[in-house]
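Participant: Got a file for you: target.txt, compact mmCIF, C-alpha atoms.
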```txt
# COMPACT_ATOMS: atom_id res chain seq x y z
CA MET F 29 76.88 -47.28 -109.76
CA ASN F 30 80.33 -45.85 -108.89
CA ASN F 31 81.14 -43.33 -106.18
CA PHE F 32 81.39 -40.32 -108.50
CA THR F 33 77.93 -40.96 -110.00
CA LEU F 34 76.41 -41.37 -106.55
CA ASN F 35 78.14 -38.24 -105.30
CA ARG F 36 76.80 -36.17 -108.21
CA ARG F 37 73.22 -37.24 -107.60
CA ARG F 38 73.47 -36.49 -103.90
CA PHE F 39 75.00 -33.04 -104.36
CA LEU F 40 72.58 -31.91 -107.05
CA GLN F 41 69.63 -32.14 -104.66
CA GLY F 42 70.43 -28.70 -103.23
CA THR F 43 70.72 -25.26 -104.84
CA SER F 44 74.00 -24.39 -103.16
CA ALA F 45 75.36 -27.81 -103.99
CA SER F 46 74.31 -27.39 -107.62
CA ILE F 47 76.34 -24.19 -107.86
CA ALA F 48 79.27 -25.96 -106.20
CA LEU F 49 79.19 -28.89 -108.61
CA SER F 50 78.83 -26.60 -111.63
CA THR F 51 82.14 -25.09 -110.55
CA LEU F 52 83.65 -28.57 -110.38
CA ASP F 53 82.20 -29.55 -113.77
CA ALA F 54 83.95 -26.57 -115.35
CA SER F 55 87.24 -28.24 -114.51
CA GLY F 56 86.46 -31.07 -116.91
CA LEU F 57 86.42 -33.96 -114.43
CA ASN F 58 84.48 -36.94 -115.74
CA VAL F 59 82.66 -37.75 -112.53
CA ASN F 60 80.79 -40.66 -114.10
CA ASN F 61 83.93 -42.55 -115.08
CA PRO F 62 86.86 -42.13 -112.71
CA ALA F 63 90.14 -42.60 -114.53
CA LYS F 64 91.64 -44.99 -111.96
CA THR F 65 91.64 -46.33 -108.45
CA TYR F 66 94.09 -44.28 -106.40
CA ARG F 67 96.48 -45.86 -103.92
CA VAL F 68 96.18 -43.75 -100.77
CA ALA F 69 98.02 -43.38 -97.47
CA LEU F 70 97.32 -41.27 -94.41
CA ILE F 71 99.92 -39.77 -92.06
CA GLY F 72 98.37 -38.92 -88.71
CA THR F 73 95.38 -41.12 -87.86
CA GLY F 74 93.80 -38.86 -85.25
CA TRP F 75 90.42 -37.20 -85.39
CA TYR F 76 90.74 -35.02 -88.47
CA GLY F 77 93.11 -37.23 -90.40
CA LYS F 78 90.54 -40.03 -90.34
CA SER F 79 87.74 -37.57 -91.11
CA ASP F 80 89.52 -36.39 -94.26
CA LEU F 81 90.25 -39.97 -95.32
CA PHE F 82 86.66 -41.11 -94.83
CA ARG F 83 85.36 -38.20 -96.92
CA LEU F 84 87.77 -39.19 -99.72
CA ILE F 85 86.61 -42.80 -99.53
CA GLN F 86 83.02 -41.60 -99.91
CA VAL F 87 83.57 -39.76 -103.21
CA ALA F 88 86.52 -41.35 -105.03
CA SER F 89 87.72 -44.71 -106.21
CA VAL F 90 90.55 -45.37 -103.74
CA GLU F 91 92.36 -48.18 -101.97
CA VAL F 92 93.86 -47.19 -98.64
CA VAL F 93 97.10 -49.17 -98.62
CA ALA F 94 98.94 -47.65 -95.64
CA LEU F 95 98.48 -45.68 -92.45
CA CYS F 96 101.14 -44.02 -90.30
CA ASP F 97 101.03 -42.84 -86.70
CA VAL F 98 103.40 -42.75 -83.74
CA ASP F 99 100.59 -43.84 -81.40
CA LYS F 100 100.27 -47.62 -81.86
CA ASN F 101 96.87 -47.76 -80.19
CA MET F 102 95.43 -45.04 -82.38
CA LEU F 103 97.05 -46.57 -85.46
CA GLU F 104 95.62 -50.04 -84.90
CA ALA F 105 92.15 -48.67 -84.18
CA ALA F 106 92.32 -46.60 -87.38
CA GLY F 107 93.33 -49.68 -89.38
CA LYS F 108 90.21 -51.51 -88.24
CA LEU F 109 87.97 -48.54 -89.01
CA VAL F 110 89.42 -48.14 -92.50
CA SER F 111 88.89 -51.86 -93.23
CA GLN F 112 85.22 -51.35 -92.37
CA ARG F 113 84.88 -48.28 -94.58
CA GLN F 114 86.75 -49.21 -97.76
CA LYS F 115 85.30 -51.54 -100.38
CA SER F 116 88.11 -54.10 -100.29
CA GLY F 117 87.68 -54.63 -96.55
CA LYS F 118 91.45 -54.80 -96.19
CA VAL F 119 93.38 -53.47 -93.21
CA PRO F 120 96.06 -51.10 -94.52
CA LEU F 121 99.74 -51.63 -93.76
CA LEU F 122 100.59 -49.90 -90.48
CA TYR F 123 103.71 -47.77 -89.93
CA GLY F 124 105.25 -45.75 -87.13
CA ASP F 125 107.68 -43.86 -89.41
CA TYR F 126 106.26 -42.09 -92.46
CA ARG F 127 109.62 -42.26 -94.25
CA LYS F 128 109.53 -46.06 -94.19
CA MET F 129 105.96 -45.97 -95.46
CA LEU F 130 106.88 -43.73 -98.39
CA ALA F 131 109.90 -45.90 -99.24
CA GLU F 132 108.00 -49.19 -99.23
CA ASN F 133 104.82 -48.20 -101.10
CA LYS F 134 104.02 -46.71 -104.48
CA LEU F 135 101.41 -44.13 -103.54
CA ASP F 136 99.22 -41.90 -105.69
CA ILE F 137 97.86 -39.78 -102.84
CA VAL F 138 99.10 -39.00 -99.34
CA LEU F 139 96.82 -37.29 -96.84
CA ILE F 140 98.56 -35.44 -94.01
CA GLY F 141 96.67 -35.04 -90.74
CA SER F 142 99.64 -34.82 -88.37
CA PRO F 143 100.28 -31.85 -86.03
CA ASP F 144 101.33 -28.61 -87.72
CA HIS F 145 105.05 -28.91 -86.99
CA TRP F 146 105.21 -31.98 -89.25
CA HIS F 147 103.26 -30.71 -92.27
CA ALA F 148 106.14 -29.27 -94.28
CA MET F 149 108.60 -32.17 -94.05
CA GLN F 150 105.95 -34.82 -94.66
CA ALA F 151 104.39 -33.00 -97.61
CA ILE F 152 107.75 -32.36 -99.27
CA ASP F 153 108.89 -35.96 -98.77
CA ALA F 154 105.58 -37.25 -100.16
CA VAL F 155 105.74 -35.21 -103.37
CA LYS F 156 109.38 -36.21 -103.83
CA ALA F 157 108.19 -39.82 -103.56
CA GLY F 158 105.77 -39.17 -106.43
CA ALA F 159 102.49 -38.68 -104.55
CA HIS F 160 99.90 -35.97 -104.78
CA VAL F 161 99.21 -34.47 -101.36
CA TYR F 162 96.24 -33.28 -99.34
CA VAL F 163 97.67 -31.41 -96.34
CA GLN F 164 95.81 -29.89 -93.45
CA LYS F 165 96.09 -26.23 -92.61
CA PRO F 166 98.13 -24.37 -91.52
CA ILE F 167 100.64 -25.79 -93.94
CA SER F 168 103.69 -24.76 -91.90
CA VAL F 169 105.00 -23.36 -88.64
CA ASP F 170 107.41 -20.90 -90.28
CA VAL F 171 107.33 -18.94 -93.52
CA MET F 172 110.27 -20.65 -95.22
CA GLU F 173 108.72 -24.10 -94.72
CA GLY F 174 105.79 -22.86 -96.80
CA GLU F 175 108.08 -21.47 -99.50
CA ALA F 176 109.79 -24.87 -99.68
CA MET F 177 106.45 -26.68 -99.98
CA VAL F 178 105.40 -24.52 -102.93
CA ALA F 179 108.80 -25.03 -104.57
CA ALA F 180 108.58 -28.81 -104.13
CA ALA F 181 105.05 -29.03 -105.54
CA ARG F 182 106.11 -27.11 -108.63
CA LYS F 183 109.44 -28.93 -109.12
CA TYR F 184 107.95 -32.41 -108.89
CA LYS F 185 104.73 -31.41 -110.68
CA ARG F 186 102.42 -32.75 -107.99
CA VAL F 187 98.99 -31.47 -106.97
CA VAL F 188 98.93 -30.24 -103.38
CA GLN F 189 95.51 -29.35 -101.98
CA VAL F 190 95.27 -27.58 -98.62
CA GLY F 191 92.46 -28.38 -96.19
CA THR F 192 90.95 -24.90 -96.34
CA GLN F 193 87.60 -26.35 -97.39
CA ARG F 194 85.64 -23.15 -96.93
CA LYS F 195 86.36 -22.65 -100.65
CA SER F 196 84.34 -25.82 -101.24
CA THR F 197 81.54 -25.01 -98.80
CA PRO F 198 78.30 -24.92 -100.85
CA HIS F 199 76.61 -21.95 -99.18
CA LEU F 200 79.84 -19.90 -99.28
CA ILE F 201 80.33 -20.70 -102.97
CA GLU F 202 76.80 -19.43 -103.48
CA ALA F 203 77.51 -16.28 -101.45
CA LYS F 204 80.59 -15.55 -103.54
CA LYS F 205 78.71 -15.99 -106.81
CA ASN F 206 75.35 -14.42 -105.98
CA ILE F 207 76.38 -11.71 -103.51
CA VAL F 208 80.04 -10.73 -103.93
CA ASP F 209 80.68 -11.41 -107.63
CA ALA F 210 77.20 -10.14 -108.54
CA GLY F 211 78.09 -6.74 -107.07
CA LEU F 212 75.40 -6.61 -104.40
CA LEU F 213 77.96 -5.28 -101.90
CA GLY F 214 79.43 -2.67 -104.21
CA LYS F 215 82.95 -1.57 -103.34
CA ILE F 216 84.20 -3.49 -100.30
CA SER F 217 86.49 -1.34 -98.17
CA HIS F 218 86.56 -3.12 -94.81
CA VAL F 219 86.58 -6.73 -93.62
CA GLU F 220 86.29 -8.07 -90.09
CA MET F 221 87.13 -11.65 -89.11
CA CYS F 222 86.86 -13.24 -85.68
CA CYS F 223 86.89 -16.31 -83.47
CA TYR F 224 85.47 -16.23 -79.96
CA TYR F 225 85.48 -19.96 -79.23
CA HIS F 226 86.81 -21.01 -75.83
CA MET F 227 89.22 -23.44 -77.45
CA ARG F 228 92.52 -22.66 -75.73
CA ASN F 229 93.37 -25.74 -73.65
CA ASN F 230 94.98 -24.33 -70.53
CA GLY F 231 95.56 -27.14 -68.05
CA ASN F 232 98.41 -28.07 -65.72
CA PRO F 233 98.93 -31.83 -66.10
CA PRO F 234 101.99 -33.27 -64.32
CA VAL F 235 105.12 -34.49 -66.09
CA GLN F 236 104.91 -38.25 -66.43
CA ALA F 237 106.46 -41.30 -68.06
CA VAL F 238 105.94 -41.78 -71.78
CA PRO F 239 103.72 -44.85 -72.41
CA ASP F 240 105.16 -47.77 -74.38
CA PHE F 241 102.65 -47.41 -77.22
CA PHE F 242 103.63 -43.79 -77.95
CA ASP F 243 106.84 -42.70 -79.71
CA TYR F 244 107.28 -39.23 -78.22
CA GLU F 245 110.67 -38.71 -79.88
CA MET F 246 109.19 -39.22 -83.34
CA TRP F 247 106.03 -37.28 -82.49
CA THR F 248 108.18 -34.27 -81.56
CA GLY F 249 110.43 -34.62 -84.61
CA PRO F 250 111.90 -31.25 -85.64
CA ALA F 251 110.04 -29.27 -82.97
CA PRO F 252 111.40 -28.32 -79.54
CA MET F 253 110.79 -31.13 -77.06
CA ARG F 254 108.62 -30.29 -74.08
CA PRO F 255 108.58 -32.47 -70.95
CA TYR F 256 105.99 -35.17 -71.57
CA ASP F 257 102.78 -34.38 -69.66
CA GLY F 258 100.26 -36.69 -71.31
CA LEU F 259 99.13 -37.61 -74.81
CA PRO F 260 99.15 -34.43 -76.91
CA HIS F 261 96.24 -35.51 -79.12
CA ILE F 262 93.15 -33.46 -79.90
CA ARG F 263 93.75 -29.92 -78.56
CA TRP F 264 96.63 -30.17 -76.09
CA TRP F 265 99.44 -29.73 -78.62
CA ARG F 266 97.62 -26.78 -80.22
CA THR F 267 97.98 -24.73 -77.07
CA PHE F 268 101.78 -24.49 -77.45
CA LYS F 269 103.88 -22.36 -79.81
CA GLU F 270 106.34 -25.25 -80.10
CA TYR F 271 103.95 -27.13 -82.39
CA GLY F 272 101.72 -24.59 -84.09
CA ASN F 273 100.74 -20.96 -84.53
CA GLY F 274 98.00 -20.58 -81.95
CA ILE F 275 94.47 -19.46 -82.75
CA MET F 276 95.87 -17.38 -85.63
CA GLY F 277 97.19 -20.49 -87.36
CA ASP F 278 94.26 -22.67 -86.40
CA MET F 279 91.24 -20.44 -87.00
CA CYS F 280 92.25 -17.14 -88.61
CA ILE F 281 93.73 -18.93 -91.59
CA HIS F 282 90.32 -20.38 -92.50
CA MET F 283 88.54 -17.03 -92.45
CA PHE F 284 91.37 -15.04 -94.00
CA ASP F 285 91.84 -17.60 -96.76
CA THR F 286 88.10 -17.47 -97.54
CA VAL F 287 88.11 -13.68 -97.67
CA ARG F 288 91.11 -13.68 -99.99
CA TRP F 289 89.34 -16.17 -102.27
CA MET F 290 86.11 -14.18 -102.30
CA LEU F 291 87.84 -10.86 -102.99
CA HIS F 292 90.71 -12.13 -105.18
CA LEU F 293 93.40 -10.90 -102.79
CA GLY F 294 97.06 -11.89 -102.85
CA TRP F 295 99.78 -11.08 -100.32
CA PRO F 296 98.95 -8.28 -97.84
CA LYS F 297 100.97 -5.11 -98.24
CA ARG F 298 101.63 -4.89 -94.51
CA ILE F 299 100.71 -6.92 -91.42
CA THR F 300 100.33 -5.58 -87.88
CA SER F 301 99.28 -7.49 -84.77
CA SER F 302 99.09 -7.08 -81.02
CA GLY F 303 97.88 -9.19 -78.15
CA GLY F 304 99.05 -11.74 -75.61
CA ILE F 305 97.88 -13.70 -72.58
CA TYR F 306 95.61 -11.20 -70.89
CA VAL F 307 93.15 -13.38 -68.96
CA GLN F 308 93.98 -17.09 -68.89
CA LYS F 309 97.26 -17.01 -67.03
CA GLU F 310 96.78 -20.03 -64.77
CA GLY F 311 97.84 -22.88 -67.11
CA LYS F 312 100.77 -24.03 -69.21
CA SER F 313 99.46 -22.71 -72.50
CA ASN F 314 101.77 -20.18 -74.17
CA ILE F 315 99.60 -19.07 -77.12
CA SER F 316 97.70 -15.80 -76.95
CA ASP F 317 94.21 -15.70 -75.47
CA THR F 318 93.57 -12.25 -76.97
CA GLN F 319 94.88 -11.00 -80.30
CA SER F 320 94.10 -8.51 -83.05
CA ALA F 321 95.70 -8.33 -86.50
CA ILE F 322 95.39 -6.07 -89.53
CA PHE F 323 96.16 -7.36 -93.04
CA GLU F 324 96.47 -4.27 -95.23
CA TYR F 325 95.58 -3.98 -98.92
CA ASP F 326 94.94 -0.98 -101.16
CA GLU F 327 91.95 0.86 -99.68
CA LEU F 328 91.05 -2.26 -97.69
CA ASN F 329 91.90 -3.55 -94.23
CA CYS F 330 91.14 -7.12 -93.22
CA VAL F 331 90.95 -7.08 -89.42
CA TRP F 332 91.13 -10.20 -87.23
CA GLN F 333 90.16 -10.53 -83.57
CA HIS F 334 90.17 -13.56 -81.30
CA ARG F 335 89.39 -14.04 -77.64
CA THR F 336 89.30 -17.42 -75.93
CA TRP F 337 87.26 -15.94 -73.09
CA GLY F 338 84.13 -13.82 -72.75
CA THR F 339 81.27 -13.65 -75.23
CA PRO F 340 81.19 -13.08 -79.01
CA ASN F 341 80.11 -9.74 -80.42
CA ASN F 342 77.46 -11.56 -82.49
CA PRO F 343 76.23 -14.85 -80.97
CA ASP F 344 75.05 -16.04 -84.41
CA TYR F 345 78.54 -15.61 -85.88
CA PRO F 346 81.17 -16.47 -83.22
CA TRP F 347 83.67 -17.69 -85.88
CA SER F 348 83.10 -15.73 -89.04
CA PHE F 349 83.97 -12.97 -91.47
CA THR F 350 82.06 -9.84 -92.39
CA LEU F 351 82.41 -7.98 -95.68
CA TYR F 352 81.41 -4.30 -95.50
CA GLY F 353 80.47 -2.79 -98.85
CA GLU F 354 79.00 0.55 -99.88
CA LYS F 355 75.74 -1.22 -100.84
CA GLY F 356 75.45 -3.70 -98.01
CA THR F 357 77.05 -6.12 -95.58
CA LEU F 358 77.69 -9.85 -95.77
CA TRP F 359 78.04 -11.91 -92.58
CA ALA F 360 79.31 -15.43 -93.25
CA SER F 361 80.50 -18.51 -91.38
CA THR F 362 80.69 -22.27 -91.73
CA MET F 363 77.04 -22.42 -90.68
CA ALA F 364 75.26 -19.68 -92.66
CA TYR F 365 75.40 -16.33 -94.41
CA ASP F 366 73.31 -13.18 -94.15
CA PHE F 367 73.26 -10.38 -96.69
CA ILE F 368 71.98 -7.08 -95.30
CA PRO F 369 71.48 -4.43 -98.01
CA GLN F 370 71.88 -0.70 -97.51
CA GLY F 371 68.43 0.83 -97.55
CA LYS F 372 65.24 -1.05 -98.48
CA GLY F 373 66.67 -3.95 -100.49
CA GLU F 374 65.89 -7.60 -99.81
CA LYS F 375 67.79 -9.43 -97.10
CA ILE F 376 69.13 -12.88 -98.02
CA HIS F 377 69.80 -15.73 -95.58
CA LYS F 378 71.17 -19.20 -96.35
CA ASP F 379 72.12 -22.06 -94.05
CA VAL F 380 74.79 -24.72 -94.32
CA VAL F 381 74.04 -27.75 -96.50
CA TYR F 382 73.73 -30.99 -94.49
CA GLU F 383 73.81 -34.48 -95.99
CA LYS F 384 72.80 -36.61 -93.02
CA GLU F 385 70.29 -38.66 -94.99
CA LYS F 386 72.52 -39.01 -98.03
CA TYR F 387 75.53 -40.25 -96.07
CA PRO F 388 74.06 -42.11 -93.08
CA GLU F 389 77.49 -43.46 -92.13
CA ASP F 390 78.37 -39.90 -91.06
CA LEU F 391 75.92 -40.17 -88.16
CA THR F 392 77.89 -42.90 -86.43
CA GLU F 393 81.37 -41.45 -87.01
CA GLU F 394 83.04 -40.29 -83.82
CA ARG F 395 83.54 -36.51 -83.51
CA ILE F 396 82.57 -35.81 -87.12
CA GLU F 397 81.78 -32.19 -88.02
CA LEU F 398 78.52 -32.80 -89.87
CA ASN F 399 78.39 -29.22 -91.14
CA ALA F 400 81.87 -29.53 -92.68
CA ALA F 401 81.48 -32.99 -94.22
CA PRO F 402 79.79 -31.84 -97.48
CA ALA F 403 82.49 -29.19 -97.97
CA THR F 404 85.29 -31.70 -97.40
CA ARG F 405 83.71 -34.15 -99.86
CA LEU F 406 83.53 -31.43 -102.51
CA HIS F 407 87.10 -30.39 -101.65
CA MET F 408 88.25 -33.96 -102.25
CA LEU F 409 86.44 -34.03 -105.59
CA ASP F 410 88.21 -30.83 -106.59
CA PHE F 411 91.52 -32.44 -105.54
CA ILE F 412 90.87 -35.50 -107.74
CA ALA F 413 89.81 -33.24 -110.63
CA ALA F 414 93.11 -31.36 -110.41
CA ILE F 415 95.07 -34.63 -110.43
CA GLU F 416 93.20 -35.98 -113.46
CA ASN F 417 93.40 -32.71 -115.37
CA ASN F 418 96.94 -31.77 -114.31
CA SER F 419 95.60 -28.44 -113.05
CA ARG F 420 95.66 -26.36 -109.88
CA PRO F 421 93.09 -27.19 -107.19
CA VAL F 422 90.89 -24.54 -105.61
CA ALA F 423 93.05 -24.58 -102.46
CA ASP F 424 96.41 -24.89 -104.18
CA ILE F 425 99.51 -24.98 -101.99
CA GLU F 426 100.53 -21.47 -103.04
CA GLU F 427 97.23 -20.02 -101.80
CA GLY F 428 97.53 -22.04 -98.60
CA HIS F 429 101.05 -20.69 -98.17
CA ILE F 430 99.97 -17.06 -98.52
CA SER F 431 97.22 -17.49 -95.93
CA THR F 432 99.40 -19.49 -93.54
CA ALA F 433 102.44 -17.21 -93.84
CA SER F 434 100.30 -14.12 -93.29
CA CYS F 435 99.08 -15.56 -89.99
CA ILE F 436 102.64 -16.50 -89.00
CA LEU F 437 103.78 -12.97 -89.84
CA ALA F 438 100.97 -11.60 -87.66
CA ASN F 439 102.29 -13.62 -84.73
CA MET F 440 105.79 -12.33 -85.47
CA SER F 441 104.46 -8.76 -85.52
CA MET F 442 102.83 -9.28 -82.13
CA GLU F 443 106.07 -10.70 -80.73
CA LEU F 444 108.29 -7.97 -82.17
CA GLY F 445 105.89 -5.11 -81.57
CA ARG F 446 106.00 -3.62 -85.05
CA PRO F 447 104.41 -3.91 -88.52
CA LEU F 448 105.98 -6.29 -91.04
CA VAL F 449 106.18 -6.18 -94.83
CA TYR F 450 107.05 -9.50 -96.47
CA ASP F 451 108.61 -9.65 -99.94
CA PRO F 452 107.73 -13.11 -101.37
CA LYS F 453 110.11 -12.68 -104.31
CA LYS F 454 113.18 -11.93 -102.19
CA ARG F 455 111.83 -13.98 -99.24
CA VAL F 456 112.72 -11.31 -96.70
CA VAL F 457 110.92 -8.97 -94.34
CA VAL F 458 111.63 -5.61 -95.91
CA GLY F 459 114.09 -3.52 -93.88
CA ASP F 460 113.97 -5.85 -90.89
CA ALA F 461 116.90 -8.22 -90.45
CA GLU F 462 115.66 -9.49 -87.08
CA ALA F 463 112.27 -10.45 -88.49
CA THR F 464 113.87 -12.02 -91.58
CA LYS F 465 115.83 -14.39 -89.33
CA LYS F 466 112.55 -15.50 -87.79
CA LEU F 467 111.24 -16.68 -91.18
CA VAL F 468 113.12 -19.93 -90.43
CA ARG F 469 112.55 -21.66 -87.12
CA PRO F 470 115.51 -23.78 -85.93
CA TYR F 471 114.95 -27.53 -86.10
CA ARG F 472 115.81 -29.86 -83.23
CA GLY F 473 118.76 -32.24 -83.30
CA SER F 474 119.62 -33.81 -86.65
CA TRP F 475 116.39 -32.80 -88.43
CA VAL F 476 117.12 -30.55 -91.44
CA HIS F 477 114.92 -27.60 -92.28
CA PRO F 478 113.73 -27.65 -95.91
CA ASP F 479 115.27 -25.05 -98.23
CA PRO F 480 113.05 -23.79 -101.09
CA ASN F 481 116.17 -23.62 -103.31
CA LEU F 482 117.22 -27.21 -102.60
CA VAL F 483 114.04 -29.29 -102.48
```
Give the structure from this file in structure tokens form.
Facilitator:
Amino acid sequence: MNNFTLNRRRFLQGTSASIALSTLDASGLNVNNPAKTYRVALIGTGWYGKSDLFRLIQVASVEVVALCDVDKNMLEAAGKLVSQRQKSGKVPLLYGDYRKMLAENKLDIVLIGSPDHWHAMQAIDAVKAGAHVYVQKPISVDVMEGEAMVAAARKYKRVVQVGTQRKSTPHLIEAKKNIVDAGLLGKISHVEMCCYYHMRNNGNPPVQAVPDFFDYEMWTGPAPMRPYDGLPHIRWWRTFKEYGNGIMGDMCIHMFDTVRWMLHLGWPKRITSSGGIYVQKEGKSNISDTQSAIFEYDELNCVWQHRTWGTPNNPDYPWSFTLYGEKGTLWASTMAYDFIPQGKGEKIHKDVVYEKEKYPEDLTEERIELNAAPATRLHMLDFIAAIENNSRPVADIEEGHISTASCILANMSMELGRPLVYDPKKRVVVGDAEATKKLVRPYRGSWVHPDPNLV
């Protein structure tokens, strides 16, 4: 029995999963007979990079031939783990420079789990090398990086799937089909999205010597170089604007991307944001601890709010989105959804699909998000289907770019103190030369920023 057959049987045991797989089947993927064994590499062997890779190994016929990381200790540990998880039992080739890895290996798929400031360059270089790409969100740290990634994917005819796996989350697929698309909400004229997790790392570690096993120069790459104050892994790098886009880029993108998918929304007409560091002033972190944003559409505002302090407005939905319709309301998150009708209609509640018994290896995997694992597996299946059918995946790079860029523009609006209107055809902020200049963030040293016209 191959992986695709096993995956089908496991997924079909749940109602939500059945709906999810019926969506996948419509794409024409022959899940019983995979077309080939894919040669795979991973850039960034930290927590989520390995998690994505292990989900792919679970559902597809792959051989992991190479791993890349600038932390030698993390890289070697990942090599051993991969040898234990893949069928061949082989330890992949290990690299400290992704460019050398791409040059020396013929790869079908490259997974990118590096920090945000590396996503664009690595994804573009991978597709130019002939690989299909699975890249984590947010796809970029500035808007023009995202434009270049879309241009590269189209020019080199490669599938690029973004790790916005809410679109492959079984209970959310069911909510879209049975609640939103079925018209139970009626006209939707307001959306609220939020994150109230205390996830802003705000310490004051001392500047120290860079350890021999860590290549800090290569880790920093095109980003500004901060004084080294400890390994940046897990959440430390996320707390700085130098490497990412704060809570907006980390958490808002997931919820906003899901809302856009559910409601068939494209680029916002206008984006406004305000906020700053209002409470947590004691540490080094320079991302906002409090922020609101409005993404405007015709007769619809999608409103975001995050606080990394205090309590959530709804303890059951601390990271979530809420769709307000004339006939009812839908609360939804990675863990559940609740439909509350207007009047005397029937309430509907559904919980996340778990697969602990079906994939027992998940239970021993360090730091795995068990609630997200089924969604990531289905997301990987959709990625493989798009490769085999030469089609667009559910989280195509263009959709990931719209969601990412909108969050980046919200941060720009907060910084500049005014609303912004982005024109994706002209690639400018309408009537705002200062904001247009900020669509490209300067790269450090000899690193060259990708140009969507020259990829």
Participant: Please provide as an MDAnalysis selection string all residues within 8 Å of F:Thr267, with the sequence filter that same-chain residues fewer than 6 positions apart are discarded (counting only C-alpha atoms).
Facilitator: chainID F and resid 228:230 274 313:315
Participant: Which is closer to F:Arg446 than all the others in F:Gln112, F:Gln164, F:Thr300, F:Ser142, using all atoms listed in the file?
Facilitator: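 Checking each candidate against F:Arg446, we get F:Thr300 as the closest.
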Participant: One number please: atom CA of F:Thr336 to atom CA of F:His226, in Å, one decimal.
Facilitator: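 Taking atom CA of F:Thr336 and atom CA of F:His226, their separation equals 4.4 Å.
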Participant: I need the residue nearest F:Asn101 from this list: F:Glu175, F:Thr192, F:Gly277, F:Gly74. Use only C-alpha atoms for the distance.
Facilitator: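 Smallest distance to F:Asn101 is found for F:Gly74.
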Participant: Calculated over all atoms listed in the file, which of the candidates F:Leu482, F:Cys96, F:Val119, F:Ala360 has the smallest distance to F:Gln150?
Facilitator: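 So, comparing all the options, the nearest one is F:Cys96.
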Participant: How many Å lie between atom CA of F:Met283 and atom CA of F:Phe367, rounded to one decimal?
Facilitator: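 Atom CA of F:Phe367 lies at a distance of 17.2 Å from atom CA of F:Met283.
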Participant: For F:Val457, work out the shell of residues within 10 Å, counting only C-alpha atoms and skipping chain neighbours fewer than 6 positions away, then give it as a count of residues only.
Facilitator: 10
Participant: My list of candidates is F:Ile305, F:Phe82, F:Glu91, F:Arg194. Which is closest to F:Tyr387 when distances are computed with only C-alpha atoms?
Facilitator: F:Phe82
Participant: Can you tell me, as an NGL selection string, what residues are no more than 12 Å from F:Asp379 when counting all atoms listed in the file, ignoring any on the same chain fewer than 5 positions away?
Facilitator: :F and (42-45 or 197-200 or 202-203 or 344 or 359-366 or 399)
Participant: Counting only C-alpha atoms, figure out which residue out of F:Glu397, F:Asp153, F:Asp240, F:Asp410 gets nearest to F:Tyr184.
Facilitator: F:Asp153
Participant: With distances taken over all atoms listed in the file, which of F:Lys195, F:Lys269, F:Arg67, F:Arg83 is nearest to F:Ala251?
Facilitator: F:Lys269
Participant: Write out as a PDB file with C-alpha atoms, keeping the file's coordinate frame the residues lying within 10 Å of F:Gly445, counting only C-alpha atoms and excluding same-chain residues fewer than 4 positions away.
Facilitator:
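Generated output (around_37.pdb):
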```pdb
ATOM      1  CA  THR F 300     100.330  -5.580 -87.880  1.00  0.00           C
ATOM      2  CA  SER F 301      99.280  -7.490 -84.770  1.00  0.00           C
ATOM      3  CA  SER F 302      99.090  -7.080 -81.020  1.00  0.00           C
ATOM      4  CA  GLY F 303      97.880  -9.190 -78.150  1.00  0.00           C
ATOM      5  CA  ASN F 439     102.290 -13.620 -84.730  1.00  0.00           C
ATOM      6  CA  MET F 440     105.790 -12.330 -85.470  1.00  0.00           C
ATOM      7  CA  SER F 441     104.460  -8.760 -85.520  1.00  0.00           C
TER       8      SER F 441
END
```
Participant: Given the point (100.7, -12.0, -91.6) in the coordinates of this file, which residues lie within 10 Å, counting all atoms listed in the file, and how would they look as an MDAnalysis selection string?
Facilitator: chainID F and resid 171 276 281 295:301 321:324 430:441 447:450
Participant: Which distance in Å separates atom CA of F:Val98 and atom CA of F:Trp247, to one decimal?
Facilitator: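 Distance reported for this atom pair: 6.2 Å.
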Participant: Rebuild stretch 69-73 of chain F to N, CA, C and O atoms - output it as a PDB file, in the frame of the given file, please.
Facilitator:
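This is the output file part20.pdb:
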```pdb
ATOM      1  N   ALA F  69      97.498 -43.202 -98.820  1.00  0.00           N
ATOM      2  CA  ALA F  69      98.020 -43.380 -97.470  1.00  0.00           C
ATOM      3  C   ALA F  69      97.684 -42.159 -96.640  1.00  0.00           C
ATOM      4  O   ALA F  69      97.520 -41.052 -97.178  1.00  0.00           O
ATOM      5  N   LEU F  70      97.583 -42.349 -95.340  1.00  0.00           N
ATOM      6  CA  LEU F  70      97.320 -41.270 -94.410  1.00  0.00           C
ATOM      7  C   LEU F  70      98.417 -41.219 -93.360  1.00  0.00           C
ATOM      8  O   LEU F  70      98.764 -42.229 -92.759  1.00  0.00           O
ATOM      9  N   ILE F  71      98.959 -40.013 -93.138  1.00  0.00           N
ATOM     10  CA  ILE F  71      99.920 -39.770 -92.060  1.00  0.00           C
ATOM     11  C   ILE F  71      99.199 -38.983 -90.981  1.00  0.00           C
ATOM     12  O   ILE F  71      98.754 -37.864 -91.203  1.00  0.00           O
ATOM     13  N   GLY F  72      99.084 -39.568 -89.803  1.00  0.00           N
ATOM     14  CA  GLY F  72      98.370 -38.920 -88.710  1.00  0.00           C
ATOM     15  C   GLY F  72      96.938 -39.420 -88.645  1.00  0.00           C
ATOM     16  O   GLY F  72      96.067 -38.893 -89.336  1.00  0.00           O
ATOM     17  N   THR F  73      96.688 -40.460 -87.849  1.00  0.00           N
ATOM     18  CA  THR F  73      95.380 -41.120 -87.860  1.00  0.00           C
ATOM     19  C   THR F  73      94.476 -40.654 -86.723  1.00  0.00           C
ATOM     20  O   THR F  73      93.608 -41.389 -86.260  1.00  0.00           O
TER      21      THR F  73
END
```
